[in-house]
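Text of input-v6.txt, listed as compact mmCIF, C-alpha atoms:
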# COMPACT_ATOMS: atom_id res chain seq x y z
CA MET A 23 13.21 147.64 -20.99
CA SER A 24 15.09 145.27 -23.33
CA ALA A 25 15.58 141.58 -22.64
CA HIS A 26 19.30 142.13 -22.02
CA PRO A 27 19.89 145.71 -20.88
CA LYS A 28 23.28 147.15 -20.04
CA PRO A 29 24.18 146.83 -16.36
CA ALA A 30 23.74 150.55 -15.69
CA GLU A 31 20.36 150.56 -17.44
CA LEU A 32 19.19 147.54 -15.46
CA ALA A 33 20.32 149.04 -12.15
CA ALA A 34 18.49 152.29 -12.91
CA TYR A 35 15.37 150.40 -13.99
CA MET A 36 15.25 148.28 -10.82
CA GLN A 37 15.72 151.38 -8.66
CA THR A 38 12.77 152.96 -10.46
CA VAL A 39 10.67 149.83 -9.90
CA GLY A 40 11.58 149.77 -6.22
CA ARG A 41 11.01 153.49 -5.64
CA SER A 42 7.59 153.45 -7.33
CA ALA A 43 6.63 150.30 -5.37
CA ARG A 44 7.51 152.05 -2.10
CA GLN A 45 5.35 155.03 -3.01
CA ALA A 46 2.49 152.77 -4.10
CA GLY A 47 2.84 150.73 -0.90
CA ARG A 48 2.06 153.80 1.19
CA VAL A 49 -1.14 154.29 -0.80
CA MET A 50 -2.08 150.61 -0.47
CA ALA A 51 -1.55 150.72 3.31
CA ARG A 52 -4.39 153.24 3.63
CA ALA A 53 -6.58 151.87 0.83
CA THR A 54 -10.09 150.89 1.84
CA THR A 55 -11.34 147.33 1.71
CA GLN A 56 -13.85 148.49 -0.90
CA ALA A 57 -11.11 149.82 -3.17
CA LYS A 58 -8.95 146.70 -2.82
CA ASN A 59 -11.89 144.43 -3.53
CA ALA A 60 -12.85 146.58 -6.53
CA ALA A 61 -9.34 146.10 -7.93
CA LEU A 62 -9.54 142.34 -7.43
CA GLY A 63 -12.98 142.16 -9.04
CA ALA A 64 -11.69 144.16 -12.00
CA LEU A 65 -8.65 141.87 -12.25
CA ALA A 66 -10.82 138.75 -12.40
CA GLU A 67 -13.00 140.32 -15.10
CA ARG A 68 -9.97 141.46 -17.09
CA ILE A 69 -8.40 137.98 -16.95
CA GLU A 70 -11.60 136.49 -18.37
CA ARG A 71 -11.98 139.25 -20.98
CA ASP A 72 -8.36 138.90 -22.14
CA ALA A 73 -8.36 135.09 -22.11
CA THR A 74 -7.54 134.87 -25.82
CA ALA A 75 -4.52 137.17 -25.46
CA LEU A 76 -3.33 135.30 -22.35
CA LEU A 77 -3.57 131.94 -24.12
CA GLU A 78 -1.74 133.28 -27.18
CA ALA A 79 1.10 134.62 -25.00
CA ASN A 80 1.25 131.29 -23.23
CA ARG A 81 1.40 129.38 -26.52
CA GLU A 82 4.44 131.44 -27.49
CA ASP A 83 6.08 130.63 -24.14
CA LEU A 84 5.33 126.94 -24.61
CA GLY A 85 6.81 126.95 -28.10
CA HIS A 86 10.06 128.46 -26.84
CA ALA A 87 10.10 126.11 -23.84
CA ARG A 88 9.78 122.98 -26.01
CA ALA A 89 12.36 124.27 -28.47
CA ALA A 90 14.76 124.82 -25.56
CA GLY A 91 14.22 121.23 -24.39
CA LEU A 92 12.62 122.07 -21.03
CA GLU A 93 11.61 119.05 -18.96
CA PRO A 94 8.00 117.86 -19.43
CA ALA A 95 7.17 118.60 -15.77
CA LEU A 96 8.28 122.22 -16.22
CA VAL A 97 6.32 122.53 -19.45
CA ASP A 98 3.26 121.18 -17.64
CA ARG A 99 3.58 123.82 -14.89
CA LEU A 100 3.98 126.50 -17.54
CA THR A 101 0.83 125.55 -19.46
CA LEU A 102 -2.34 127.66 -19.33
CA ASP A 103 -5.64 126.53 -20.84
CA ASP A 104 -9.26 127.69 -20.67
CA ARG A 105 -9.76 125.85 -17.41
CA GLY A 106 -6.62 127.38 -15.93
CA ILE A 107 -7.70 130.89 -16.95
CA ALA A 108 -11.09 130.36 -15.30
CA ALA A 109 -9.43 129.00 -12.16
CA MET A 110 -7.10 132.01 -12.04
CA ALA A 111 -10.03 134.43 -12.17
CA GLU A 112 -12.00 132.46 -9.60
CA GLY A 113 -9.01 132.38 -7.26
CA VAL A 114 -8.76 136.18 -7.40
CA ARG A 115 -12.49 136.48 -6.64
CA GLN A 116 -12.12 134.15 -3.65
CA ILE A 117 -9.35 136.34 -2.23
CA ALA A 118 -11.66 139.35 -2.57
CA THR A 119 -14.22 137.60 -0.32
CA LEU A 120 -11.73 137.04 2.50
CA PRO A 121 -11.84 139.30 5.56
CA ASP A 122 -9.50 142.27 5.32
CA PRO A 123 -6.91 141.89 8.11
CA ILE A 124 -5.56 145.46 7.91
CA GLY A 125 -6.36 147.80 10.78
CA GLU A 126 -7.71 145.09 13.08
CA ILE A 127 -6.85 145.81 16.73
CA THR A 128 -6.54 142.81 19.02
CA ASP A 129 -5.68 142.13 22.67
CA LEU A 130 -6.78 145.62 23.71
CA ARG A 131 -6.64 145.81 27.49
CA MET A 132 -6.68 148.44 30.20
CA ARG A 133 -3.50 148.98 32.19
CA PRO A 134 -3.35 150.20 35.82
CA SER A 135 -2.18 153.61 34.54
CA GLY A 136 -5.46 154.02 32.65
CA ILE A 137 -4.03 153.63 29.14
CA GLN A 138 -5.32 150.94 26.80
CA VAL A 139 -2.71 148.81 25.04
CA GLY A 140 -3.30 146.57 22.02
CA ARG A 141 -1.86 145.51 18.70
CA MET A 142 -2.88 146.55 15.19
CA ARG A 143 -2.36 144.49 12.05
CA VAL A 144 -0.54 146.39 9.30
CA PRO A 145 0.95 145.54 5.86
CA LEU A 146 4.59 144.48 5.51
CA GLY A 147 5.08 147.18 2.85
CA VAL A 148 6.72 146.04 -0.40
CA VAL A 149 6.91 142.30 -1.12
CA GLY A 150 9.25 140.90 -3.76
CA ILE A 151 8.25 137.52 -5.17
CA ILE A 152 10.63 135.43 -7.28
CA TYR A 153 9.18 132.32 -8.88
CA GLU A 154 9.51 129.86 -11.74
CA ALA A 155 7.26 128.50 -14.47
CA ARG A 156 3.70 128.90 -13.14
CA PRO A 157 2.05 132.00 -14.70
CA ASN A 158 -0.96 131.70 -12.35
CA VAL A 159 1.36 132.69 -9.48
CA THR A 160 1.49 136.18 -11.01
CA ALA A 161 -2.24 136.71 -10.44
CA ASP A 162 -2.51 134.75 -7.18
CA ALA A 163 0.45 136.40 -5.47
CA ALA A 164 -0.49 139.88 -6.63
CA ALA A 165 -4.06 139.42 -5.38
CA LEU A 166 -2.90 138.28 -1.93
CA CYS A 167 -0.45 141.17 -1.62
CA LEU A 168 -2.99 143.76 -2.72
CA LYS A 169 -5.72 142.47 -0.40
CA SER A 170 -3.29 142.62 2.53
CA GLY A 171 -2.42 146.25 1.72
CA ASN A 172 1.04 145.62 0.26
CA ALA A 173 2.72 146.61 -2.97
CA VAL A 174 4.37 143.74 -4.85
CA ILE A 175 7.22 143.31 -7.32
CA LEU A 176 6.93 140.05 -9.24
CA ARG A 177 9.85 138.43 -11.02
CA GLY A 178 8.74 135.29 -12.84
CA GLY A 179 10.91 132.85 -14.73
CA SER A 180 12.10 133.69 -18.23
CA GLU A 181 10.22 130.66 -19.58
CA ALA A 182 6.89 132.37 -18.68
CA TRP A 183 7.89 135.92 -19.63
CA ARG A 184 5.21 136.51 -22.28
CA SER A 185 2.45 135.00 -20.14
CA ASN A 186 3.48 137.07 -17.13
CA GLN A 187 3.62 140.30 -19.14
CA ALA A 188 0.10 139.62 -20.42
CA ILE A 189 -1.15 139.13 -16.86
CA ALA A 190 0.76 142.28 -15.82
CA ARG A 191 -1.33 144.28 -18.29
CA CYS A 192 -4.47 142.92 -16.62
CA LEU A 193 -3.10 143.95 -13.23
CA GLY A 194 -2.33 147.49 -14.34
CA ALA A 195 -5.76 147.98 -15.89
CA ALA A 196 -7.53 146.60 -12.81
CA LEU A 197 -5.65 148.85 -10.39
CA ALA A 198 -6.31 151.91 -12.56
CA ALA A 199 -10.01 151.06 -12.73
CA ALA A 200 -10.16 150.98 -8.92
CA GLY A 201 -8.27 154.26 -8.56
CA LEU A 202 -5.18 152.61 -7.08
CA PRO A 203 -1.59 153.09 -8.29
CA GLU A 204 -0.55 150.73 -11.07
CA ALA A 205 2.89 150.48 -9.42
CA ALA A 206 1.25 148.55 -6.57
CA ALA A 207 1.70 145.37 -8.64
CA GLN A 208 4.67 145.39 -11.03
CA VAL A 209 6.04 142.50 -13.07
CA VAL A 210 9.74 142.95 -13.83
CA ALA A 211 9.93 143.66 -17.56
CA THR A 212 13.20 141.91 -18.37
CA THR A 213 14.40 138.32 -18.46
CA ASP A 214 17.91 139.34 -17.38
CA ARG A 215 18.82 137.16 -14.39
CA ALA A 216 20.75 140.06 -12.87
CA ALA A 217 17.39 141.68 -12.06
CA VAL A 218 17.00 139.15 -9.24
CA GLY A 219 20.30 140.25 -7.74
CA HIS A 220 19.07 143.84 -7.64
CA LEU A 221 15.65 142.93 -6.23
CA ILE A 222 17.05 141.00 -3.26
CA THR A 223 19.58 143.70 -2.35
CA MET A 224 17.30 146.75 -2.20
CA PRO A 225 16.30 147.01 1.49
CA GLU A 226 15.53 150.68 1.00
CA TRP A 227 12.66 149.74 -1.33
CA VAL A 228 11.78 146.08 -0.54
CA ASP A 229 10.69 144.78 2.88
CA VAL A 230 10.56 141.03 2.32
CA ILE A 231 11.38 138.49 -0.42
CA VAL A 232 9.34 135.34 -1.06
CA PRO A 233 11.10 132.85 -3.37
CA ARG A 234 9.08 130.04 -4.95
CA GLY A 235 11.01 127.47 -6.92
CA GLY A 236 13.70 124.82 -6.80
CA ARG A 237 16.31 124.39 -4.10
CA GLY A 238 19.01 126.08 -6.18
CA LEU A 239 16.97 129.26 -6.59
CA ILE A 240 16.03 129.44 -2.92
CA GLU A 241 19.55 128.72 -1.66
CA ARG A 242 20.93 131.46 -3.89
CA ILE A 243 18.40 134.01 -2.67
CA ALA A 244 18.80 133.05 0.99
CA GLY A 245 22.57 133.35 0.66
CA GLU A 246 22.72 136.65 -1.25
CA ALA A 247 19.68 138.62 -0.04
CA ARG A 248 20.02 141.76 2.02
CA VAL A 249 16.26 141.74 2.49
CA PRO A 250 14.48 139.31 4.90
CA VAL A 251 13.39 136.11 3.13
CA ILE A 252 10.32 133.91 3.77
CA LYS A 253 11.26 130.51 2.36
CA HIS A 254 11.25 126.76 2.47
CA LEU A 255 13.96 124.59 0.97
CA ASP A 256 12.55 121.05 1.09
CA GLY A 257 9.42 119.13 1.92
CA VAL A 258 10.79 116.02 3.62
CA CYS A 259 7.46 115.06 5.20
CA HIS A 260 6.85 112.06 7.48
CA VAL A 261 3.97 109.87 8.54
CA TYR A 262 4.58 107.91 11.73
CA VAL A 263 2.30 104.92 12.31
CA ASP A 264 2.22 104.41 16.06
CA GLY A 265 1.80 101.06 17.77
CA ALA A 266 -1.64 102.25 18.91
CA ALA A 267 -2.76 103.15 15.39
CA ASP A 268 -5.98 101.96 13.76
CA SER A 269 -4.72 99.85 10.83
CA ASP A 270 -7.40 100.96 8.37
CA LYS A 271 -6.74 104.63 9.12
CA ALA A 272 -3.01 104.06 8.79
CA MET A 273 -3.43 102.43 5.38
CA ARG A 274 -5.63 105.22 4.03
CA ILE A 275 -3.47 108.03 5.38
CA ALA A 276 -0.13 106.58 4.29
CA LEU A 277 -1.34 105.80 0.77
CA ASN A 278 -2.96 109.21 0.34
CA ALA A 279 0.03 111.09 1.76
CA LYS A 280 2.30 109.48 -0.85
CA THR A 281 0.23 108.70 -3.92
CA GLN A 282 -2.40 111.46 -4.14
CA ARG A 283 0.25 113.62 -5.86
CA TYR A 284 3.97 112.97 -6.11
CA GLY A 285 5.38 116.36 -7.06
CA THR A 286 4.17 118.51 -4.16
CA CYS A 287 6.07 119.74 -1.11
CA ASN A 288 3.51 118.25 1.30
CA THR A 289 3.80 114.70 -0.08
CA MET A 290 5.12 112.08 2.37
CA GLU A 291 8.71 111.12 1.61
CA THR A 292 9.43 108.89 4.65
CA LEU A 293 7.13 106.42 6.39
CA LEU A 294 7.97 105.45 9.97
CA VAL A 295 6.30 102.40 11.48
CA ASP A 296 6.41 101.34 15.13
CA ALA A 297 8.02 97.90 15.53
CA GLU A 298 4.99 96.93 17.61
CA ILE A 299 2.75 97.01 14.53
CA ALA A 300 5.22 96.62 11.65
CA ASP A 301 4.83 92.88 11.04
CA ARG A 302 1.02 93.25 10.85
CA LEU A 303 0.88 96.44 8.81
CA LEU A 304 3.89 96.64 6.49
CA PRO A 305 3.36 93.54 4.29
CA GLU A 306 -0.12 94.67 3.21
CA LEU A 307 0.91 98.31 2.96
CA GLY A 308 3.90 97.28 0.85
CA ARG A 309 1.63 95.40 -1.55
CA ARG A 310 -0.57 98.48 -1.93
CA PHE A 311 2.37 100.75 -2.60
CA GLU A 312 3.74 98.25 -5.11
CA ALA A 313 0.36 98.18 -6.88
CA ALA A 314 0.49 101.99 -7.06
CA GLY A 315 3.94 101.84 -8.67
CA VAL A 316 5.86 103.20 -5.67
CA THR A 317 9.46 102.06 -5.19
CA LEU A 318 10.30 101.36 -1.53
CA ARG A 319 13.71 101.95 0.08
CA GLY A 320 13.87 100.49 3.55
CA CYS A 321 15.93 99.93 6.67
CA PRO A 322 17.08 96.33 7.35
CA ARG A 323 13.92 95.52 9.32
CA THR A 324 11.76 96.91 6.52
CA CYS A 325 13.61 94.92 3.87
CA ALA A 326 13.09 91.75 5.92
CA LEU A 327 9.33 92.34 5.92
CA LEU A 328 9.18 93.64 2.34
CA PRO A 329 11.41 91.53 0.07
CA GLY A 330 10.59 93.79 -2.90
CA SER A 331 12.17 96.81 -1.26
CA THR A 332 15.78 97.93 -1.66
CA ALA A 333 18.17 98.98 1.09
CA ALA A 334 17.94 102.66 2.00
CA THR A 335 21.08 104.76 2.22
CA GLU A 336 21.72 107.47 4.81
CA ALA A 337 20.88 110.07 2.16
CA ASP A 338 17.41 108.58 1.62
CA TRP A 339 16.22 109.73 5.04
CA SER A 340 16.69 113.39 4.11
CA THR A 341 15.69 113.27 0.43
CA GLU A 342 12.67 114.99 -1.09
CA TYR A 343 11.96 112.63 -3.98
CA LEU A 344 8.96 114.37 -5.60
CA ALA A 345 8.53 111.01 -7.30
CA PRO A 346 6.98 107.56 -6.65
CA ILE A 347 9.80 106.62 -4.27
CA LEU A 348 9.33 106.19 -0.52
CA ALA A 349 11.78 105.66 2.31
CA VAL A 350 10.46 103.31 5.04
CA ARG A 351 11.88 102.78 8.51
CA VAL A 352 10.79 100.59 11.41
CA VAL A 353 11.34 102.43 14.69
CA ASP A 354 11.16 101.45 18.35
CA GLY A 355 8.32 103.62 19.54
CA LEU A 356 7.40 107.28 19.75
CA ASP A 357 10.73 108.60 21.07
CA ALA A 358 12.63 107.03 18.17
CA ALA A 359 10.10 108.41 15.66
CA ILE A 360 10.34 111.96 17.03
CA ASP A 361 14.13 111.73 17.09
CA HIS A 362 14.21 110.58 13.44
CA ILE A 363 11.87 113.37 12.30
CA ASN A 364 13.72 116.11 14.15
CA THR A 365 17.04 114.79 12.79
CA TYR A 366 16.16 114.27 9.12
CA GLY A 367 13.01 116.33 8.54
CA SER A 368 12.85 119.71 6.83
CA GLY A 369 10.36 121.27 9.24
CA HIS A 370 7.52 121.20 6.68
CA THR A 371 4.77 118.73 7.65
CA ASP A 372 4.73 115.59 9.80
CA ALA A 373 1.86 113.36 10.92
CA ILE A 374 1.18 110.65 13.48
CA VAL A 375 -1.46 107.94 13.19
CA THR A 376 -2.52 106.81 16.65
CA GLN A 377 -5.51 106.20 18.90
CA ASP A 378 -3.48 107.11 22.00
CA TYR A 379 -4.29 110.66 23.12
CA SER A 380 -1.16 111.21 25.22
CA ARG A 381 1.15 110.06 22.40
CA ALA A 382 -0.66 112.34 19.96
CA GLN A 383 -0.19 115.28 22.31
CA ARG A 384 3.51 114.53 22.72
CA PHE A 385 3.92 114.35 18.95
CA LEU A 386 2.20 117.72 18.53
CA ARG A 387 4.41 119.36 21.16
CA GLU A 388 7.76 117.80 20.35
CA VAL A 389 7.91 117.53 16.54
CA ASP A 390 9.59 120.65 15.13
CA ALA A 391 7.63 121.40 11.96
CA SER A 392 5.45 124.15 10.55
CA SER A 393 2.47 121.75 10.37
CA VAL A 394 2.00 118.77 12.71
CA MET A 395 -0.98 116.47 12.23
CA VAL A 396 -2.83 113.71 14.06
CA ASN A 397 -4.66 111.05 12.05
CA ALA A 398 -4.61 113.08 8.82
CA SER A 399 -2.68 113.03 5.54
CA THR A 400 0.22 115.46 5.10
CA ARG A 401 -1.43 116.50 1.83
CA PHE A 402 -3.72 118.79 3.87
CA ALA A 403 -0.82 121.22 4.47
CA ASP A 404 -2.14 123.84 2.10
CA GLY A 405 -3.50 127.37 2.41
CA HIS A 406 -6.83 126.51 0.81
CA GLU A 407 -7.34 123.46 3.04
CA TYR A 408 -6.48 125.56 6.11
CA GLY A 409 -9.17 128.09 5.25
CA LEU A 410 -6.73 130.81 4.20
CA GLY A 411 -8.32 131.06 0.76
CA ALA A 412 -4.93 130.93 -0.93
CA GLU A 413 -1.26 131.01 -0.05
CA ILE A 414 1.79 132.84 -1.28
CA GLY A 415 3.94 129.87 -0.29
CA ILE A 416 4.69 127.54 2.62
CA SER A 417 7.35 128.72 5.02
CA THR A 418 9.55 126.40 7.05
CA ASP A 419 11.19 129.40 8.71
CA LYS A 420 10.29 130.25 12.29
CA PHE A 421 10.29 134.01 11.65
CA HIS A 422 8.28 135.88 10.43
CA ALA A 423 5.68 133.42 9.17
CA ARG A 424 5.50 129.63 9.45
CA GLY A 425 3.48 127.16 7.40
CA PRO A 426 1.08 128.27 4.64
CA VAL A 427 1.46 132.04 4.20
CA GLY A 428 -1.87 133.71 3.47
CA LEU A 429 -3.13 137.23 4.08
CA GLU A 430 -2.13 137.28 7.75
CA GLY A 431 1.39 136.12 6.91
CA LEU A 432 1.76 139.17 4.67
CA THR A 433 1.11 141.49 7.60
CA SER A 434 2.84 142.50 10.79
CA LEU A 435 1.67 143.79 14.19
CA LYS A 436 2.43 147.11 15.78
CA TRP A 437 1.61 148.18 19.32
CA VAL A 438 -1.04 150.88 19.77
CA VAL A 439 -1.72 152.85 22.93
CA LEU A 440 -4.98 154.72 23.56
CA GLY A 441 -5.07 157.39 26.21
CA ASP A 442 -6.93 160.54 27.21
CA GLY A 443 -4.23 162.97 28.27
CA HIS A 444 -2.38 160.30 30.28
CA VAL A 445 1.19 161.00 31.43
CA ARG A 446 3.59 158.64 33.12
CA ILE A 447 4.25 159.35 36.80
Whole structure given in C-alpha cells:
Amino acid sequence: MSAHPKPAELAAYMQTVGRSARQAGRVMARATTQAKNAALGALAERIERDATALLEANREDLGHARAAGLEPALVDRLTLDDRGIAAMAEGVRQIATLPDPIGEITDLRMRPSGIQVGRMRVPLGVVGIIYEARPNVTADAAALCLKSGNAVILRGGSEAWRSNQAIARCLGAALAAAGLPEAAAQVVATTDRAAVGHLITMPEWVDVIVPRGGRGLIERIAGEARVPVIKHLDGVCHVYVDGAADSDKAMRIALNAKTQRYGTCNTMETLLVDAEIADRLLPELGRRFEAAGVTLRGCPRTCALLPGSTAATEADWSTEYLAPILAVRVVDGLDAAIDHINTYGSGHTDAIVTQDYSRAQRFLREVDASSVMVNASTRFADGHEYGLGAEIGISTDKFHARGPVGLEGLTSLKWVVLGDGHVRI
C-alpha cells in the first residue's frame, strides 16, 4: 500500500483489512489463554530482539517530525529509547499475567422453572484504535485486545508511521509463532488520512472505535463514525477541599493533583475551596503553587485572598489547561461544589478532601464522573493504579465502558441458560 493511494485502491484495501480482521476475530474469540499468552510472550521477546530496528525506525520518524516543525511536546511523546523499548516489552508481559476474562460465567442462579441463568463474558469482536504520536500505544493496545480475545486494527499518526510499522512486524511474527492469525493485529499501512474515514464507517467489519488523541481528532470521529465509539474529550478534573478537611491532607493532595504532571488528563484543572476554610488554607496553598511555578486564575474571593492571582473568566472553569495554570474558586459548601463540578466538569475525575463521612458519601453519590475520589489525588485515575494492569484509554462515556478501560472494558456480557430438557409451560 502506497503512502497516498488512489481512492478506489484505499477503499479496497480498508475493506480487505476489515474483512480479514473479522475472520481473525472469530479465531481469537475461541483462542485459549495459553495461546494468547504465548503470543504476548513472543511479542515481548520480539520487541527486545528487534530493539535496534525499532530505534532506527523511530530515529527516522523523529528526523521528519523535527524537520516538519512539530511541537516539542509531540516530539517527546513520539520518542523511543532503550528504556522505552524495555518498558514496552515489560508492559506486554504484565498483560500476559492478568486473568483471562473470556468465558467467565457470573451470577449463575437457579430459577423456579429449574433452568439456570447467568452471564458469560465475551470479546467485543473487532476493535479499531486511532491514536497520535505514541508508538508504545501500538504494542500496549494490541496486547490488551489480543488478551481479551479481540482482533484489532490500529491506525497511528503519520508522524510515527515508521515506528508503528516496525512494531507491526513484531506483532505479526509473534502471532504466527503462537499459531494465531496475523490479521488479529493489523497496523494500517498508509498515512493517508482518508483511511480513518473508512475505518470508522465499516460497521460490517468493526465493532467499536477507540480514539486516543486531541479534542479535534476525537470530535471528528465522534461526529462521523457509524461504529460505536469509546471516548473522552477533556479532563477537566476538580479537587474540592471541604470545610471539614484536614489541612495537611488538603495541601498534599491539591499540590500532587496539579504539579505531579501537567500534561495528563487526570491532572486537576480547578480547585474548589469551602469558604469555611478558605482564609486559613488558600494563602499558604497559593504560596506553594507559586513556588511550583503555577499561575492561578481565581474568582473574586480567591483574588482577595491571593493577590498574585488573576481574575478567572467564565471559560476558565471549563478549560483543560494541560499546563501549570490552575483555576481556583471559593464555594459556599458541598452543594455549591457539587453544582460547580456537574456544571463545568467533563465527567473524568473529581475528588473531595474531607473528614466528614456523610459529606464524602454524598460527594461519591452525586458527582457525575467516571472516577470519584475521597482524600486522594486525581492522578490515581489510571488503569495501572486501579489494578487493571494497563488501559486502552479512559472513557467519560456512560456506555459501554466508563473510566480506565482495561481487559474487562474490551468485553461484553451475554446471557446463558443451562437446562436439562426444560420446556416452558
Interface rows for stretch 128-161 of chain A against stretch 249-254 of chain A: nearest pair, Å to one decimal, 12 Å, only C-alpha atoms, as JSON lines:
{"residue": "A:Leu146", "atom": "CA", "partner": "A:Pro250", "partner_atom": "CA", "distance": 11.2}
{"residue": "A:Val148", "atom": "CA", "partner": "A:Val249", "partner_atom": "CA", "distance": 10.9}
{"residue": "A:Val149", "atom": "CA", "partner": "A:Val251", "partner_atom": "CA", "distance": 9.9}
{"residue": "A:Gly150", "atom": "CA", "partner": "A:Val251", "partner_atom": "CA", "distance": 9.4}
{"residue": "A:Ile151", "atom": "CA", "partner": "A:Ile252", "partner_atom": "CA", "distance": 9.9}
{"residue": "A:Ile152", "atom": "CA", "partner": "A:Val251", "partner_atom": "CA", "distance": 10.8}
{"residue": "A:Tyr153", "atom": "CA", "partner": "A:Lys253", "partner_atom": "CA", "distance": 11.6}
All residues 10 Å or closer to stretch 430-446 of chain A, only C-alpha atoms, same chain fewer than 3 positions away omitted, as a PyMOL selection string: chain A and resi 122-128+130-132+135-149+166-172+230+252+410+413-415+417+422-427
Spatial neighbours of A:Ala207, 10 Å, only C-alpha atoms, chain gap at least 6 places, as a ChimeraX atom specification: /A:43,46-47,148-149,160-161,163-165,167-168,172-176,190,193-194,197
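Residues in contact range of A:Ala382, defined as at most 8 Å between all atoms listed in the file, with sequence neighbours fewer than 6 positions away removed, read Ile374, Thr376 and Val396 of chain A.
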Between atom CA of A:Tyr262 and atom CA of A:Thr418 - distance in Å to one decimal: 19.7 Å
Pick from A:Pro29, A:Gly257, A:Gly219, A:Gly40, whichever lies nearest to A:Ala244 using only C-alpha atoms: A:Gly219
Give as a PDB file with C-alpha atoms, in the frame of the given file each residue that has an atom at most 12 Å from (22.2, 146.2, -17.9) in the file, counting only C-alpha atoms.
ATOM      1  CA  MET A  23      13.210 147.640 -20.990  1.00  0.00           C
ATOM      2  CA  SER A  24      15.090 145.270 -23.330  1.00  0.00           C
ATOM      3  CA  ALA A  25      15.580 141.580 -22.640  1.00  0.00           C
ATOM      4  CA  HIS A  26      19.300 142.130 -22.020  1.00  0.00           C
ATOM      5  CA  PRO A  27      19.890 145.710 -20.880  1.00  0.00           C
ATOM      6  CA  LYS A  28      23.280 147.150 -20.040  1.00  0.00           C
ATOM      7  CA  PRO A  29      24.180 146.830 -16.360  1.00  0.00           C
ATOM      8  CA  ALA A  30      23.740 150.550 -15.690  1.00  0.00           C
ATOM      9  CA  GLU A  31      20.360 150.560 -17.440  1.00  0.00           C
ATOM     10  CA  LEU A  32      19.190 147.540 -15.460  1.00  0.00           C
ATOM     11  CA  ALA A  33      20.320 149.040 -12.150  1.00  0.00           C
ATOM     12  CA  ALA A  34      18.490 152.290 -12.910  1.00  0.00           C
ATOM     13  CA  TYR A  35      15.370 150.400 -13.990  1.00  0.00           C
ATOM     14  CA  MET A  36      15.250 148.280 -10.820  1.00  0.00           C
ATOM     15  CA  THR A 212      13.200 141.910 -18.370  1.00  0.00           C
ATOM     16  CA  THR A 213      14.400 138.320 -18.460  1.00  0.00           C
ATOM     17  CA  ASP A 214      17.910 139.340 -17.380  1.00  0.00           C
ATOM     18  CA  ARG A 215      18.820 137.160 -14.390  1.00  0.00           C
ATOM     19  CA  ALA A 216      20.750 140.060 -12.870  1.00  0.00           C
ATOM     20  CA  ALA A 217      17.390 141.680 -12.060  1.00  0.00           C
ATOM     21  CA  GLY A 219      20.300 140.250  -7.740  1.00  0.00           C
ATOM     22  CA  HIS A 220      19.070 143.840  -7.640  1.00  0.00           C
TER      23      HIS A 220
END
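Here atom CA of A:Gln56 stands at a distance of 12.1 Å from atom CA of A:Leu120.
Between atom CA of A:Ile117 and atom CA of A:Thr54 lies a distance of 15.1 Å.
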Selected residue, from A:Leu277, A:Leu65, A:Val49, A:Ala266, that lies nearest to A:Glu298 when counting all atoms listed in the file: A:Ala266
